[in-house]
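Content type mmCIF, C-alpha atoms, from the file run12.cif:
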```
data_protein
loop_
_atom_site.label_atom_id
_atom_site.label_comp_id
_atom_site.auth_asym_id
_atom_site.auth_seq_id
_atom_site.Cartn_x
_atom_site.Cartn_y
_atom_site.Cartn_z
CA MET A 53 122.17 100.28 106.59
CA LYS A 54 122.19 98.91 110.14
CA ASN A 55 121.86 95.20 110.73
CA LYS A 56 118.40 94.33 111.98
CA VAL A 57 117.55 92.13 114.94
CA LEU A 58 114.19 90.37 114.75
CA LEU A 59 112.61 89.80 118.20
CA ILE A 60 109.45 87.72 118.00
CA ASP A 61 106.79 87.58 120.71
CA GLY A 62 106.37 83.81 120.64
CA SER A 63 103.56 83.71 123.20
CA SER A 64 101.31 86.00 121.16
CA TYR A 65 102.09 83.99 118.01
CA LEU A 66 101.21 80.79 119.85
CA TYR A 67 97.76 81.89 120.99
CA ARG A 68 96.93 83.50 117.68
CA ALA A 69 97.86 80.32 115.82
CA TYR A 70 95.80 78.17 118.17
CA TYR A 71 92.61 80.22 117.99
CA ALA A 72 92.87 81.34 114.37
CA LEU A 73 92.98 77.89 112.78
CA PRO A 74 90.49 75.03 112.89
CA PRO A 75 91.67 72.05 114.98
CA LEU A 76 94.28 70.01 113.10
CA THR A 77 95.60 66.62 114.12
CA ALA A 78 98.58 64.49 113.17
CA PRO A 79 98.09 60.98 111.77
CA ASP A 80 98.64 59.65 115.31
CA GLY A 81 95.90 61.92 116.71
CA ARG A 82 98.06 64.61 118.33
CA PRO A 83 96.74 68.20 118.05
CA THR A 84 98.88 70.22 115.64
CA GLY A 85 96.96 73.37 114.64
CA ALA A 86 98.98 75.77 116.80
CA VAL A 87 102.27 74.30 115.61
CA TYR A 88 101.30 74.55 111.95
CA GLY A 89 99.92 78.09 112.25
CA PHE A 90 102.91 79.30 114.26
CA ILE A 91 105.49 77.92 111.83
CA ARG A 92 103.62 79.35 108.85
CA MET A 93 103.55 82.82 110.48
CA LEU A 94 107.19 82.51 111.48
CA LEU A 95 108.30 81.62 107.94
CA LYS A 96 106.29 84.48 106.51
CA THR A 97 107.90 86.92 108.93
CA LEU A 98 111.37 85.59 108.13
CA SER A 99 110.70 86.10 104.42
CA VAL A 100 109.84 89.76 105.03
CA PHE A 101 112.74 90.48 107.40
CA ASN A 102 115.56 88.37 106.04
CA THR A 103 118.05 89.25 108.76
CA PRO A 104 120.58 86.85 110.30
CA TYR A 105 119.70 87.89 113.88
CA VAL A 106 116.49 86.36 115.24
CA ALA A 107 115.13 85.29 118.62
CA VAL A 108 111.73 84.02 119.76
CA ALA A 109 110.73 84.82 123.36
CA PHE A 110 108.14 82.87 125.33
CA ASP A 111 106.36 83.29 128.65
CA LEU A 112 106.89 80.41 131.06
CA PRO A 113 104.07 78.90 133.15
CA GLY A 114 103.64 80.29 136.65
CA LYS A 115 103.50 83.68 138.30
CA THR A 116 105.78 86.56 137.44
CA LEU A 117 107.22 89.44 139.44
CA ARG A 118 104.17 91.48 138.42
CA HIS A 119 101.90 89.14 140.38
CA GLU A 120 103.86 90.07 143.53
CA LYS A 121 102.94 93.72 142.97
CA PHE A 122 99.34 93.07 141.95
CA SER A 123 97.78 89.70 142.79
CA GLU A 124 94.91 90.26 140.34
CA TYR A 125 97.26 90.70 137.40
CA LYS A 126 95.88 88.71 134.44
CA ALA A 127 93.39 87.07 136.81
CA THR A 128 90.64 87.17 134.18
CA ARG A 129 92.61 85.16 131.64
CA LYS A 130 91.56 81.59 131.00
CA GLU A 131 93.95 78.75 131.69
CA THR A 132 95.93 77.53 128.70
CA PRO A 133 93.88 74.77 127.01
CA ASN A 134 95.40 71.28 127.25
CA PRO A 135 95.45 70.78 123.45
CA LEU A 136 97.62 73.89 123.22
CA LYS A 137 99.90 72.84 126.09
CA GLN A 138 100.54 69.54 124.33
CA GLN A 139 101.86 71.33 121.25
CA ILE A 140 104.38 73.64 122.93
CA PRO A 141 107.31 71.17 123.29
CA ILE A 142 107.22 70.05 119.65
CA LEU A 143 106.85 73.66 118.48
CA LYS A 144 109.95 74.72 120.40
CA GLU A 145 111.87 71.78 118.98
CA ILE A 146 110.96 72.87 115.43
CA ILE A 147 111.99 76.47 116.09
CA GLN A 148 115.38 75.29 117.30
CA LEU A 149 115.76 72.96 114.31
CA LEU A 150 115.18 76.02 112.11
CA GLY A 151 118.34 77.45 113.69
CA ILE A 152 116.53 80.09 115.75
CA LYS A 153 117.23 80.91 119.41
CA ILE A 154 114.46 80.56 122.00
CA LEU A 155 114.59 82.76 125.09
CA GLU A 156 112.55 82.30 128.28
CA ILE A 157 113.32 83.32 131.86
CA PRO A 158 111.41 82.22 135.01
CA GLY A 159 109.58 85.11 136.67
CA TYR A 160 109.73 87.32 133.60
CA GLU A 161 107.43 87.68 130.61
CA ALA A 162 108.42 87.48 126.97
CA ASP A 163 107.71 91.23 126.82
CA ASP A 164 110.47 91.96 129.34
CA ILE A 165 112.96 89.72 127.54
CA ILE A 166 112.20 91.52 124.28
CA ALA A 167 112.40 94.93 125.99
CA THR A 168 115.85 94.11 127.35
CA LEU A 169 117.15 92.72 124.06
CA SER A 170 115.76 95.60 121.98
CA LYS A 171 117.53 98.16 124.18
CA LYS A 172 120.70 96.07 124.14
CA ALA A 173 120.53 95.88 120.33
CA GLU A 174 120.05 99.64 120.11
CA LYS A 175 123.10 100.25 122.31
CA GLU A 176 125.19 97.88 120.20
CA GLY A 177 124.31 99.73 117.00
CA TYR A 178 121.58 97.47 115.61
CA GLU A 179 118.02 98.26 114.63
CA ALA A 180 115.50 96.10 116.50
CA ILE A 181 112.24 94.98 114.90
CA ILE A 182 109.80 93.62 117.49
CA VAL A 183 107.15 91.33 116.02
CA THR A 184 103.98 91.47 118.13
CA PRO A 185 100.35 92.63 118.04
CA ASP A 186 100.61 93.62 121.72
CA LYS A 187 100.16 97.38 122.16
CA ASP A 188 102.09 97.30 125.48
CA MET A 189 105.26 97.05 123.41
CA ASN A 190 104.64 100.46 121.84
CA GLN A 191 106.40 102.01 124.84
CA LEU A 192 109.69 100.61 123.50
CA ILE A 193 109.62 102.36 120.13
CA SER A 194 112.50 104.73 119.42
CA ASP A 195 114.56 105.83 116.44
CA ASN A 196 116.18 102.37 116.33
CA ILE A 197 113.36 100.19 117.69
CA LYS A 198 110.25 99.54 115.63
CA ILE A 199 107.29 97.21 115.95
CA PHE A 200 105.83 95.04 113.24
CA ASN A 201 102.21 94.05 113.87
CA PRO A 202 101.81 90.72 112.03
CA VAL A 203 98.01 90.85 112.28
CA LYS A 204 97.66 94.19 110.50
CA GLU A 205 100.96 93.83 108.65
CA GLU A 206 102.06 97.34 109.58
CA LEU A 207 105.34 98.70 110.82
CA LEU A 208 105.08 101.14 113.71
CA ASP A 209 107.62 103.86 114.36
CA ARG A 210 107.49 107.05 116.42
CA GLU A 211 105.47 109.05 113.92
CA LYS A 212 103.08 106.19 113.21
CA ILE A 213 102.29 105.95 116.94
CA LYS A 214 101.64 109.69 117.03
CA GLU A 215 99.34 109.35 114.03
CA LYS A 216 97.40 106.40 115.51
CA TYR A 217 97.16 107.41 119.17
CA GLY A 218 97.88 111.13 119.30
CA ILE A 219 100.87 110.59 121.60
CA TYR A 220 104.50 109.57 121.31
CA PRO A 221 105.92 106.21 122.48
CA GLN A 222 107.50 107.71 125.60
CA GLN A 223 103.98 108.66 126.74
CA PHE A 224 102.54 105.21 126.16
CA ILE A 225 103.05 103.91 129.72
CA ASP A 226 101.05 106.86 131.10
CA TYR A 227 98.42 106.36 128.38
CA LEU A 228 97.91 102.68 129.28
CA THR A 229 97.92 103.48 132.99
CA MET A 230 95.02 105.87 132.47
CA ILE A 231 92.88 103.78 130.11
CA GLY A 232 93.64 100.43 131.73
CA ASP A 233 93.92 97.06 130.03
CA ALA A 234 91.10 94.54 130.32
CA VAL A 235 93.30 91.75 128.91
CA ASP A 236 95.79 92.11 131.78
CA ASN A 237 93.09 93.10 134.31
CA ILE A 238 94.56 96.61 134.79
CA PRO A 239 91.70 98.86 135.99
CA GLY A 240 92.69 102.30 134.65
CA ILE A 241 91.07 105.58 135.76
CA LYS A 242 87.29 105.75 135.91
CA GLY A 243 85.81 107.68 133.00
CA ILE A 244 89.09 107.93 131.06
CA GLY A 245 89.06 106.46 127.56
CA PRO A 246 91.67 106.55 124.80
CA LYS A 247 90.64 109.95 123.36
CA THR A 248 90.54 111.66 126.76
CA ALA A 249 93.86 110.13 127.82
CA ALA A 250 95.53 111.25 124.59
CA ALA A 251 94.09 114.77 124.91
CA LEU A 252 95.34 115.08 128.49
CA LEU A 253 98.81 113.90 127.55
CA GLN A 254 98.90 116.31 124.63
CA GLU A 255 98.05 119.15 127.01
CA PHE A 256 100.12 118.21 130.08
CA GLY A 257 102.81 115.92 128.70
CA SER A 258 102.75 113.24 131.39
CA LEU A 259 100.57 111.60 134.03
CA GLU A 260 102.64 113.21 136.79
CA SER A 261 102.00 116.64 135.28
CA ILE A 262 98.26 115.92 135.08
CA LEU A 263 98.21 114.97 138.77
CA GLU A 264 100.05 118.19 139.63
CA ASN A 265 97.45 120.24 137.73
CA VAL A 266 94.20 118.53 138.74
CA ASP A 267 92.64 121.89 139.66
CA LYS A 268 92.85 122.90 136.00
CA LEU A 269 90.55 120.04 135.04
CA LYS A 270 86.79 120.41 134.92
CA GLY A 271 83.62 118.51 135.87
CA LYS A 272 83.65 114.71 136.17
CA LEU A 273 87.21 114.56 134.86
CA LYS A 274 88.40 116.58 137.83
CA GLU A 275 86.39 114.39 140.20
CA SER A 276 87.88 111.22 138.71
CA PHE A 277 91.43 112.43 139.36
CA LYS A 278 90.59 113.80 142.81
CA GLU A 279 89.17 110.43 143.89
CA LEU A 280 92.18 108.47 142.68
CA ASP A 281 94.10 106.03 144.83
CA LYS A 282 97.49 107.40 143.80
CA GLU A 283 99.44 104.54 145.33
CA GLN A 284 97.49 101.98 143.32
CA LEU A 285 97.84 104.11 140.19
CA GLN A 286 101.61 104.17 140.65
CA ARG A 287 101.60 100.41 141.16
CA MET A 288 99.66 99.91 137.93
CA LYS A 289 102.16 102.11 136.11
CA GLU A 290 105.03 99.97 137.42
CA ILE A 291 103.26 96.83 136.21
CA ILE A 292 102.66 98.28 132.73
CA LYS A 293 106.25 99.44 132.38
CA LEU A 294 108.36 96.72 130.76
CA ASP A 295 111.60 95.73 132.43
CA ALA A 296 114.38 96.49 129.97
CA ASN A 297 117.15 95.65 132.44
CA ILE A 298 116.89 91.90 132.93
CA GLU A 299 120.22 90.16 133.43
CA ILE A 300 120.56 88.25 130.18
CA ASN A 301 123.99 86.78 129.57
CA ILE A 302 123.73 86.99 125.80
CA LYS A 303 125.15 89.19 123.07
CA ILE A 304 123.19 90.18 119.99
CA GLU A 305 125.78 88.33 117.93
CA ASP A 306 124.67 85.16 119.77
CA LEU A 307 121.25 85.52 118.12
CA LYS A 308 122.65 84.81 114.68
CA LYS A 309 120.71 82.02 113.01
CA SER A 310 122.42 78.70 112.57
CA LYS A 311 121.91 76.30 109.67
CA PRO A 312 118.50 74.55 109.80
CA ASP A 313 118.55 70.78 110.34
CA LEU A 314 116.60 69.90 107.23
CA GLU A 315 116.67 66.13 107.73
CA LYS A 316 115.15 66.28 111.21
CA LEU A 317 112.62 68.89 110.06
CA LYS A 318 111.52 66.61 107.24
CA GLN A 319 111.11 63.74 109.69
CA ILE A 320 109.02 65.80 112.15
CA PHE A 321 106.84 67.37 109.45
CA GLN A 322 106.17 63.89 108.03
CA GLU A 323 105.15 62.62 111.47
CA LEU A 324 102.83 65.61 111.97
CA GLY A 325 101.30 65.36 108.50
CA PHE A 326 102.48 68.80 107.39
CA LYS A 327 102.60 68.02 103.68
CA SER A 328 103.03 71.58 102.44
CA LEU A 329 105.80 72.31 104.94
CA LEU A 330 107.39 69.01 104.01
CA LYS A 331 107.47 70.12 100.37
CA ASP A 332 109.13 73.37 101.40
CA VAL A 333 111.83 71.43 103.19
CA GLU A 334 112.33 69.10 100.25
CA LYS A 335 112.76 72.13 97.99
CA SER A 336 115.16 73.61 100.57
CA ASN A 337 112.92 76.66 100.87
CA LEU A 338 113.68 76.83 104.57
CA LYS A 339 117.34 77.60 104.01
CA ILE A 340 117.66 81.06 105.49
CA LYS A 341 119.95 83.51 103.76
CA GLU A 342 122.43 85.40 105.92
CA GLU A 343 122.90 88.37 103.64
CA LYS A 344 121.83 91.89 104.59
CA ILE A 345 118.22 92.52 103.68
CA GLU A 346 117.26 95.12 101.16
CA GLN A 347 114.90 97.86 102.21
CA LYS A 348 111.33 96.87 101.51
CA SER A 349 108.11 98.81 101.31
CA LEU A 350 107.56 98.28 105.05
CA PHE A 351 110.41 100.64 105.92
#
```

So that I can check it, write out the structure of this file as structure tokens.
Amino acid sequence: MKNKVLLIDGSSYLYRAYYALPPLTAPDGRPTGAVYGFIRMLLKTLSVFNTPYVAVAFDLPGKTLRHEKFSEYKATRKETPNPLKQQIPILKEIIQLLGIKILEIPGYEADDIIATLSKKAEKEGYEAIIVTPDKDMNQLISDNIKIFNPVKEELLDREKIKEKYGIYPQQFIDYLTMIGDAVDNIPGIKGIGPKTAAALLQEFGSLESILENVDKLKGKLKESFKELDKEQLQRMKEIIKLDANIEINIKIEDLKKSKPDLEKLKQIFQELGFKSLLKDVEKSNLKIKEEKIEQKSLF
């Protein structure tokens, strides 16, 4: 069985942890809910995929290369709340103390880092498991790249995507380009929803083929495609497509977990008031095995 590389979308974990839990505070008054929720989700994921190769990717503050192409990209998103910002440094320190690599690159999103590493892992003979609830990542799925949605606790492969969406992963960029994405402020094509987009891709194969055969469409659907700003549509497609060719001077072997610093973890968890996590450390439950994982029901 191939060694697995676990690539975790840290930014999505972070926001989910912050909004999913009630506000928690340390004895000194610092907000801690996002840190606690994130570490709990991380440990659960590590227990499911007990592989020695793990990395957590984060977005960095500021604009990305996508904003240069489309100034309104993610313009509808709210600014990161201050209580969440305050927790990010200590969270990253804990992740590193767990022996796990953190990756972040100015100008690029966590998605692009993960895209690049998953393709690199595939080329080097590994199987990549991307941990994210973000449907944009579905475009990366292949025979050796799968996605684990931690919210629904489901593993997505090529056939699962076909079952859920009616299309294959290689069609997912065109699919998202047509339906748009309110979260990222991507407009999509007027009147095109998920079912229509899937049906068109089933019939024509790709967005380019649909545009070449507009005269075969009928009614309002034909009008929608005739009225398209094709240059903007192409720009949206470029924004949706993840960059899997970032220059990252790292080998997959470099993502191998190191030994957790249990003493420092105990000290930090005590300061933050994480009693249950502190007990786990005291019982050495955070020692991460480096043996090959056995196949589980998820595969």

Requested in this report: On this file, the PyMOL selection byres ((chain A and resi 154-156) around 9) gives some set of residues; write that set as a PyMOL selection string.
Outcome: chain A and resi 62+107-112+144+147-148+152-153+157-158+160-162+165

Query raised in the report: Got a sec to resolve the PyMOL selection byres ((chain A and resi 187) around 10) on this structure and send the residues as a PyMOL selection string?
Result: chain A and resi 184-186+188-191+199+201+224+228

Query raised in the report: For the atom pair atom CA of Leu98 of chain A and atom CA of Glu174 of chain A, what is the interatomic distance in Å to one decimal place?
Result: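 According to the coordinates, atom CA of Leu98 of chain A and atom CA of Glu174 of chain A are separated by 20.4 Å.
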
Requested in this report: Work out how far atom CA of Pro221 of chain A is from atom CA of Leu294 of chain A, in Å to one decimal.
Outcome: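 Separation between atom CA of Leu294 of chain A and atom CA of Pro221 of chain A: 12.8 Å.
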
Query - Near-Pro135 of chain A list (12 Å; only C-alpha atoms; drop same-chain fewer than 5 positions) as a PyMOL selection string - result: chain A and resi 67+70-71+75-77+81-87+140-141

Picked residues, the PyMOL selection byres ((chain A and resi 277) around 9), expected as a CSV table (one decimal) with C-alpha atoms, in the coordinates of the input:
```
chain,number,residue,atom,x,y,z
A,241,ILE,CA,91.1,105.6,135.8
A,242,LYS,CA,87.3,105.8,135.9
A,262,ILE,CA,98.3,115.9,135.1
A,263,LEU,CA,98.2,115.0,138.8
A,266,VAL,CA,94.2,118.5,138.7
A,269,LEU,CA,90.6,120.0,135.0
A,272,LYS,CA,83.6,114.7,136.2
A,273,LEU,CA,87.2,114.6,134.9
A,274,LYS,CA,88.4,116.6,137.8
A,275,GLU,CA,86.4,114.4,140.2
A,276,SER,CA,87.9,111.2,138.7
A,278,LYS,CA,90.6,113.8,142.8
A,279,GLU,CA,89.2,110.4,143.9
A,280,LEU,CA,92.2,108.5,142.7
A,281,ASP,CA,94.1,106.0,144.8
```

Query raised in the report: What does the distance from atom CA of Ile298 of chain A to atom CA of Ala167 of chain A come to in Å, to one decimal?
Result: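 Between atom CA of Ile298 of chain A and atom CA of Ala167 of chain A the gap is 8.8 Å.
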
Give the padded box for segment 254-266 of chain A as lines of an AutoDock Vina configuration file: axis-aligned, covering all atoms listed in the file, 3 Å on each side, centre and edge lengths in Å to one decimal.
```
center_x = 98.5
center_y = 115.9
center_z = 132.1
size_x = 14.6
size_y = 14.6
size_z = 21.0
```

Query - Neighbour list for Ala69 of chain A as a count of residues only, cut-off 10 Å, all atoms listed in the file, skip fewer than 3 positions in-chain - result: 17

Hey, could you make a per-residue contact list for segment 138-242 of chain A against segment 253-258 of chain A with 9 Å as the cut-off, showing the nearest pair of atoms and its distance in Å to one decimal, counting only C-alpha atoms, sorted by chain and number, as JSON lines?
```
{"residue": "A:Gly218", "atom": "CA", "partner": "A:Gln254", "partner_atom": "CA", "distance": 7.5}
{"residue": "A:Ile219", "atom": "CA", "partner": "A:Gln254", "partner_atom": "CA", "distance": 6.8}
{"residue": "A:Gln223", "atom": "CA", "partner": "A:Ser258", "partner_atom": "CA", "distance": 6.6}
{"residue": "A:Asp226", "atom": "CA", "partner": "A:Ser258", "partner_atom": "CA", "distance": 6.6}
{"residue": "A:Tyr227", "atom": "CA", "partner": "A:Leu253", "partner_atom": "CA", "distance": 7.6}
```

Would you list the contacts of Leu207 of chain A as a PDB file with C-alpha atoms, in the frame of the given file, taking every protein, DNA or RNA residue within 9 Å and counting only C-alpha atoms, but skipping same-chain residues closer than 2 positions in sequence?
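Output saved as around.pdb:
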```pdb
ATOM      1  CA  ILE A 181     112.240  94.980 114.900  1.00  0.00           C
ATOM      2  CA  LYS A 198     110.250  99.540 115.630  1.00  0.00           C
ATOM      3  CA  ILE A 199     107.290  97.210 115.950  1.00  0.00           C
ATOM      4  CA  PHE A 200     105.830  95.040 113.240  1.00  0.00           C
ATOM      5  CA  ASN A 201     102.210  94.050 113.870  1.00  0.00           C
ATOM      6  CA  PRO A 202     101.810  90.720 112.030  1.00  0.00           C
ATOM      7  CA  LYS A 204      97.660  94.190 110.500  1.00  0.00           C
ATOM      8  CA  GLU A 205     100.960  93.830 108.650  1.00  0.00           C
ATOM      9  CA  ASP A 209     107.620 103.860 114.360  1.00  0.00           C
ATOM     10  CA  LYS A 212     103.080 106.190 113.210  1.00  0.00           C
ATOM     11  CA  LEU A 350     107.560  98.280 105.050  1.00  0.00           C
ATOM     12  CA  PHE A 351     110.410 100.640 105.920  1.00  0.00           C
TER      13      PHE A 351
END
```

Query raised in the report: Near Glu290 of chain A, counting all atoms listed in the file, which residues have an atom at most 10 Å away, once you skip same-chain residues fewer than 3 positions from it, shown as a PyMOL selection string?
Result: chain A and resi 118+121+225+229+284-287+293-295

Requested in this report: Kindly extract all protein, DNA and RNA residues lying within 10 Å of the coordinates (120.8, 99.7, 120.4) given in the file, considering all atoms listed in the file, and supply them as a list in words.
Outcome: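 These residues have at least one counted atom within 10 Å: Val57, Leu169, Ser170, Lys171, Lys172, Ala173, Glu174, Lys175, Glu176, Gly177, Tyr178, Glu179, Ala180, Ser194, Asp195, Asn196, Ile197 and Ile304 of chain A.
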
Could those residues be written to a file, using C-alpha atoms, as a PDB file, in the frame of the given file?
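Here's the written file again_25.pdb:
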```pdb
ATOM      1  CA  VAL A  57     117.550  92.130 114.940  1.00  0.00           C
ATOM      2  CA  LEU A 169     117.150  92.720 124.060  1.00  0.00           C
ATOM      3  CA  SER A 170     115.760  95.600 121.980  1.00  0.00           C
ATOM      4  CA  LYS A 171     117.530  98.160 124.180  1.00  0.00           C
ATOM      5  CA  LYS A 172     120.700  96.070 124.140  1.00  0.00           C
ATOM      6  CA  ALA A 173     120.530  95.880 120.330  1.00  0.00           C
ATOM      7  CA  GLU A 174     120.050  99.640 120.110  1.00  0.00           C
ATOM      8  CA  LYS A 175     123.100 100.250 122.310  1.00  0.00           C
ATOM      9  CA  GLU A 176     125.190  97.880 120.200  1.00  0.00           C
ATOM     10  CA  GLY A 177     124.310  99.730 117.000  1.00  0.00           C
ATOM     11  CA  TYR A 178     121.580  97.470 115.610  1.00  0.00           C
ATOM     12  CA  GLU A 179     118.020  98.260 114.630  1.00  0.00           C
ATOM     13  CA  ALA A 180     115.500  96.100 116.500  1.00  0.00           C
ATOM     14  CA  SER A 194     112.500 104.730 119.420  1.00  0.00           C
ATOM     15  CA  ASP A 195     114.560 105.830 116.440  1.00  0.00           C
ATOM     16  CA  ASN A 196     116.180 102.370 116.330  1.00  0.00           C
ATOM     17  CA  ILE A 197     113.360 100.190 117.690  1.00  0.00           C
ATOM     18  CA  ILE A 304     123.190  90.180 119.990  1.00  0.00           C
TER      19      ILE A 304
END
```
